[in-house]
Amino acid sequence: MNQGRIVKVSGPLVVAENMRDCNMLDVVHVSEMNLIGEILEIHEDRASIQVYEETSGLGPGAPVVSTNAPLSVELGPGLIENIFDGIQRPLESIRASSGNNITRGIQVNALDREKRWPFKAAVKPGDTVQAGDIIGTVEENEVFQHRIMVPFGIEGTIERIESGDFTVDSTVAEVKGPDGKLVNLTMMQKWPVRKERPYKEKLSPTEPLITGQRIIDTLFPIASGGVAAIPGPFGSGKTVVQHQLAKWAEADLVVYIGCGERGNEMTDVLMEFPELHDPKTGQPLMKRTVLIANTSDMPVAAREASIYTGITIAEYFRDMGYTVALMADSTSRWAEALREMSGRLEEMPGEEGYPAYLSSRLSQFYERAGKVKTLGSGERLGAISAIGAVSPPGGDISEPVTQATLRIVKVFWGLDYNLSYKRHFPAINWLQSYSLYQDKLSGWYRHNISRDWITYRGDMMRILQEEAELQEIVQLVGVEALSPSDRVTLEAARSIREDYLQQNAFNDVDTYTTLNKQFRMLKIILSFYHKSQEAIKKGVDIKSLFSISVREKISRMKYVPEDEVDTELTEIENELSTQIEALIGRNDRS
């Protein structure tokens, strides 16, 4: 074990000498308080260390001891429903042992060593296993089955395995390797957070991640195993959008990383998730959630680790064959931590003071998402969909973090402060946002929803773009100067915006919309548009057209409960046709 001593302290950065035998990214214990740190640079026998805890009171001469191991996370039963800080310390356990504030240097195991879990063997003695094979399962709670896998680098024949109640560090199986040596397997394994977990093959995503948010599913879908960014200024609704995706996205598991966010926002998550009933299971959403809470008042260096801790935990569940939705809120705070540490290391700054390696670090994070064939025998598929919020200062998306992120991700949900000011939520700007998964997913939509889905989506975008052009004319000469046909376009666009794209996250019915209901709603709005254009050509008065009684029902169809959708929306379709045809007939008679 290597021991050095501190020669310099600069905030979260500590420089120690006599560290020649250490390696980059080794975890070290700093001073008698055993503060956790990580080596960032080595110059001859001096090591620059970022400390994940408050460094006040440290001074030259204090000891630094290397563990000769990288920062790693413990993976096993006990992750679900837990709340960790940025370096995987369980906050509930810390509160139980030391109160509401995290004591410096506190040593707590990430996974409880006392709790016994019901292990059920899935293989038998004599079976051949390899890395990634499932040797047993643990019912972690009422809704989630934890699959115990053979760790990476181990293969051979099962010599002994038994079912029963075990702690995470108890031996549940013995494997005889090709060299004849016996290897003990426990329910827990460790993995370095900065190293991507291996898989057989990365696949091209072909299925959407259904979110129940109409503007996302219809206009800017994300693939299951895809990556998306939500840039937006303060108050534009980034966190609420991420909460909605965490609640409603069709994923087996949610990993939510609060990276440098305000404490009250993390409190909302911690208070809301245990109370929120999961529509899939009827149980609280926390039953399939892992939370990483690293608030803005915690040491800045731990923000940098929190992103890697979260994605490593997500990869572990992906390797079991699950679909994981990972929310990172926000990567801007993580980038600010990188900038602060880079500045203290006296590295050459890049644009706006961010380090030159900002883009590559962001790429390393987002590239760990995806849909893969996992290790092990059989065809097991798993996916991580990564959704990162970005908080550009002043809402300026030309700043480095947003631009570097947009070069990596394939979905851009651009939040607009003007929309949020008008109380239009989600405040995703439909003229700025995009999804590069659209073409790959179009076949799935055609096959599973309707052959008309892509056509309707194209009509919808065309109407919204025409509205943007017509609004410039309206501001100059007024709406009365427009032709009846253009006024129908404006009215249809208003209906799309207010009756379809606007969605109330706090209404029990409107908070989630199935794809069937989305398609039916869109069909009705476009039917109004096309039938109105025909009526205008046949001389129908525009005021009488806009005042038909079915318009009231169209504006409220978003609040139709799911079990009444087919009946109610079919009735609205029929009423719409009847009332417009009546107007055309009355006009012909006159």
# chains A, B, ... in the order shown; residues from 1 in each chain; ligands from 1
>>> residues_around(residues="Pro284 (chain A)", least_positions_apart="5", cutoff="9 Å", atoms="only C-alpha atoms", output="list of chain:residue names")
A:Phe273, A:Pro274, A:Glu275, A:Leu276, A:His277, A:Asp278
>>> residues_around(residues="Glu140 (chain A)", least_positions_apart="2", cutoff="9 Å", atoms="only C-alpha atoms", output="list of chain:residue names")
A:Pro77, A:Gly78, A:Ile80, A:Trp117, A:Pro118, A:Thr137, A:Val138, A:Glu142, A:Val143, A:Phe144, A:Gln145, A:His146, A:Lys287
>>> write_last_selection(atoms="N, CA, C and O atoms", output="PDB file, in the first residue's frame")
ATOM      1  N   PRO A  77     -27.997  -7.436  -5.446  1.00  0.00           N
ATOM      2  CA  PRO A  77     -29.291  -7.131  -4.815  1.00  0.00           C
ATOM      3  C   PRO A  77     -29.152  -6.019  -3.782  1.00  0.00           C
ATOM      4  O   PRO A  77     -28.184  -5.984  -3.013  1.00  0.00           O
ATOM      5  N   GLY A  78     -30.123  -5.119  -3.763  1.00  0.00           N
ATOM      6  CA  GLY A  78     -30.067  -3.975  -2.847  1.00  0.00           C
ATOM      7  C   GLY A  78     -29.925  -2.650  -3.567  1.00  0.00           C
ATOM      8  O   GLY A  78     -30.029  -1.588  -2.946  1.00  0.00           O
ATOM      9  N   ILE A  80     -31.955  -1.619  -6.146  1.00  0.00           N
ATOM     10  CA  ILE A  80     -33.290  -1.085  -6.414  1.00  0.00           C
ATOM     11  C   ILE A  80     -33.858  -0.442  -5.156  1.00  0.00           C
ATOM     12  O   ILE A  80     -33.657  -0.939  -4.048  1.00  0.00           O
ATOM     13  N   TRP A 117     -30.958 -12.355   1.182  1.00  0.00           N
ATOM     14  CA  TRP A 117     -31.811 -12.328  -0.011  1.00  0.00           C
ATOM     15  C   TRP A 117     -32.155 -13.761  -0.421  1.00  0.00           C
ATOM     16  O   TRP A 117     -31.307 -14.656  -0.355  1.00  0.00           O
ATOM     17  N   PRO A 118     -33.397 -13.993  -0.886  1.00  0.00           N
ATOM     18  CA  PRO A 118     -33.799 -15.356  -1.293  1.00  0.00           C
ATOM     19  C   PRO A 118     -33.256 -15.698  -2.685  1.00  0.00           C
ATOM     20  O   PRO A 118     -33.817 -15.291  -3.696  1.00  0.00           O
ATOM     21  N   THR A 137     -31.709 -16.297  -9.538  1.00  0.00           N
ATOM     22  CA  THR A 137     -32.499 -15.066  -9.454  1.00  0.00           C
ATOM     23  C   THR A 137     -32.822 -14.744  -7.998  1.00  0.00           C
ATOM     24  O   THR A 137     -32.836 -15.624  -7.134  1.00  0.00           O
ATOM     25  N   VAL A 138     -33.076 -13.460  -7.767  1.00  0.00           N
ATOM     26  CA  VAL A 138     -33.505 -12.978  -6.456  1.00  0.00           C
ATOM     27  C   VAL A 138     -34.718 -12.081  -6.670  1.00  0.00           C
ATOM     28  O   VAL A 138     -34.656 -11.144  -7.475  1.00  0.00           O
ATOM     29  N   GLU A 142     -41.614  -6.783  -4.903  1.00  0.00           N
ATOM     30  CA  GLU A 142     -42.814  -7.364  -5.517  1.00  0.00           C
ATOM     31  C   GLU A 142     -42.787  -7.325  -7.040  1.00  0.00           C
ATOM     32  O   GLU A 142     -43.481  -8.116  -7.689  1.00  0.00           O
ATOM     33  N   VAL A 143     -42.018  -6.404  -7.629  1.00  0.00           N
ATOM     34  CA  VAL A 143     -42.111  -6.218  -9.083  1.00  0.00           C
ATOM     35  C   VAL A 143     -40.802  -6.500  -9.833  1.00  0.00           C
ATOM     36  O   VAL A 143     -40.821  -6.618 -11.052  1.00  0.00           O
ATOM     37  N   PHE A 144     -39.690  -6.595  -9.111  1.00  0.00           N
ATOM     38  CA  PHE A 144     -38.413  -6.686  -9.832  1.00  0.00           C
ATOM     39  C   PHE A 144     -37.647  -7.957  -9.483  1.00  0.00           C
ATOM     40  O   PHE A 144     -37.398  -8.252  -8.306  1.00  0.00           O
ATOM     41  N   GLN A 145     -37.266  -8.675 -10.541  1.00  0.00           N
ATOM     42  CA  GLN A 145     -36.467  -9.889 -10.369  1.00  0.00           C
ATOM     43  C   GLN A 145     -35.004  -9.574 -10.721  1.00  0.00           C
ATOM     44  O   GLN A 145     -34.690  -9.191 -11.842  1.00  0.00           O
ATOM     45  N   HIS A 146     -34.133  -9.751  -9.744  1.00  0.00           N
ATOM     46  CA  HIS A 146     -32.703  -9.502  -9.928  1.00  0.00           C
ATOM     47  C   HIS A 146     -32.052 -10.794 -10.429  1.00  0.00           C
ATOM     48  O   HIS A 146     -32.210 -11.853  -9.812  1.00  0.00           O
ATOM     49  N   LYS A 287     -40.105   1.034  -6.786  1.00  0.00           N
ATOM     50  CA  LYS A 287     -39.847  -0.415  -6.806  1.00  0.00           C
ATOM     51  C   LYS A 287     -39.013  -0.830  -8.008  1.00  0.00           C
ATOM     52  O   LYS A 287     -38.536  -1.963  -8.069  1.00  0.00           O
TER      53      LYS A 287
END
>>> closest_residue(among="A:Thr218, A:Thr281, A:Gln3, A:Thr171", to="Ile454 (chain A)", atoms="only C-alpha atoms")
A:Thr218
>>> atom_distance(atom1="CA of Asp510 (chain A)", atom2="CA of Gly212 (chain A)")
9.3 Å
>>> closest_residue(among="A:Lys558, A:Arg451, A:Arg303, A:Arg494", to="Tyr512 (chain A)", atoms="only C-alpha atoms")
A:Lys558
>>> closest_residue(among="A:Leu526, A:Ile408, A:Ala229, A:Met149", to="Gly132 (chain A)", atoms="only C-alpha atoms")
A:Met149
>>> residues_around(residues="Gly343 (chain A)", least_positions_apart="3", cutoff="12 Å", atoms="only C-alpha atoms", output="list in words")
Ser10, Gly11, Pro12, Leu13, Glu336, Ala337, Leu338, Arg339, Glu340, Glu346, Glu347, Met348, Pro349, Gly350, Glu352, Gly353, Tyr354, Pro355 and Ala356 of chain A
>>> select_by_dssp(residues="region 172-373 of chain A", states="strand (DSSP E or B)", output="PyMOL selection string")
chain A and resi 172-176+182-186+189-192+201-203+208+223+227-231+253-259+277+284+289-294+323-329+349+355+370-373
>>> residues_around(residues="Trp444 (chain A)", least_positions_apart="2", cutoff="8 Å", atoms="only C-alpha atoms", output="list in words")
Thr206, Glu207, Pro208, Leu441, Ser442, Arg446, His447, Asn448 and Ile449 of chain A
>>> write_last_selection(atoms="N, CA and C atoms", output="CSV table (one decimal), in the first residue's frame")
chain,number,residue,atom,x,y,z
A,206,THR,N,-34.4,-0.2,-33.4
A,206,THR,CA,-35.5,-0.2,-34.4
A,206,THR,C,-36.9,0.0,-33.8
A,207,GLU,N,-36.9,0.1,-32.5
A,207,GLU,CA,-38.2,0.2,-31.8
A,207,GLU,C,-38.2,1.5,-31.0
A,208,PRO,N,-39.3,2.3,-30.9
A,208,PRO,CA,-39.3,3.5,-30.2
A,208,PRO,C,-39.4,3.2,-28.7
A,441,LEU,N,-37.6,4.3,-37.3
A,441,LEU,CA,-38.7,3.9,-36.5
A,441,LEU,C,-40.0,3.9,-37.4
A,442,SER,N,-40.0,4.5,-38.6
A,442,SER,CA,-41.2,4.6,-39.3
A,442,SER,C,-41.9,3.3,-39.7
A,446,ARG,N,-45.7,2.1,-38.8
A,446,ARG,CA,-46.6,1.7,-39.8
A,446,ARG,C,-47.2,0.3,-39.5
A,447,HIS,N,-46.3,-0.6,-39.0
A,447,HIS,CA,-46.7,-2.0,-38.7
A,447,HIS,C,-47.6,-2.1,-37.4
A,448,ASN,N,-47.2,-1.3,-36.4
A,448,ASN,CA,-47.9,-1.5,-35.1
A,448,ASN,C,-49.0,-0.5,-34.8
A,449,ILE,N,-49.0,0.7,-35.5
A,449,ILE,CA,-50.1,1.6,-35.2
A,449,ILE,C,-51.0,1.8,-36.5
>>> residues_around(residues="Phe412 (chain A)", least_positions_apart="2", cutoff="12 Å", atoms="only C-alpha atoms", output="count of residues only")
37
>>> residues_around(residues="Ala427 (chain A)", least_positions_apart="2", cutoff="10 Å", atoms="only C-alpha atoms", output="VMD selection string")
chain A and resid 215 232 236 to 238 241 413 to 425 429 to 430 501 to 503
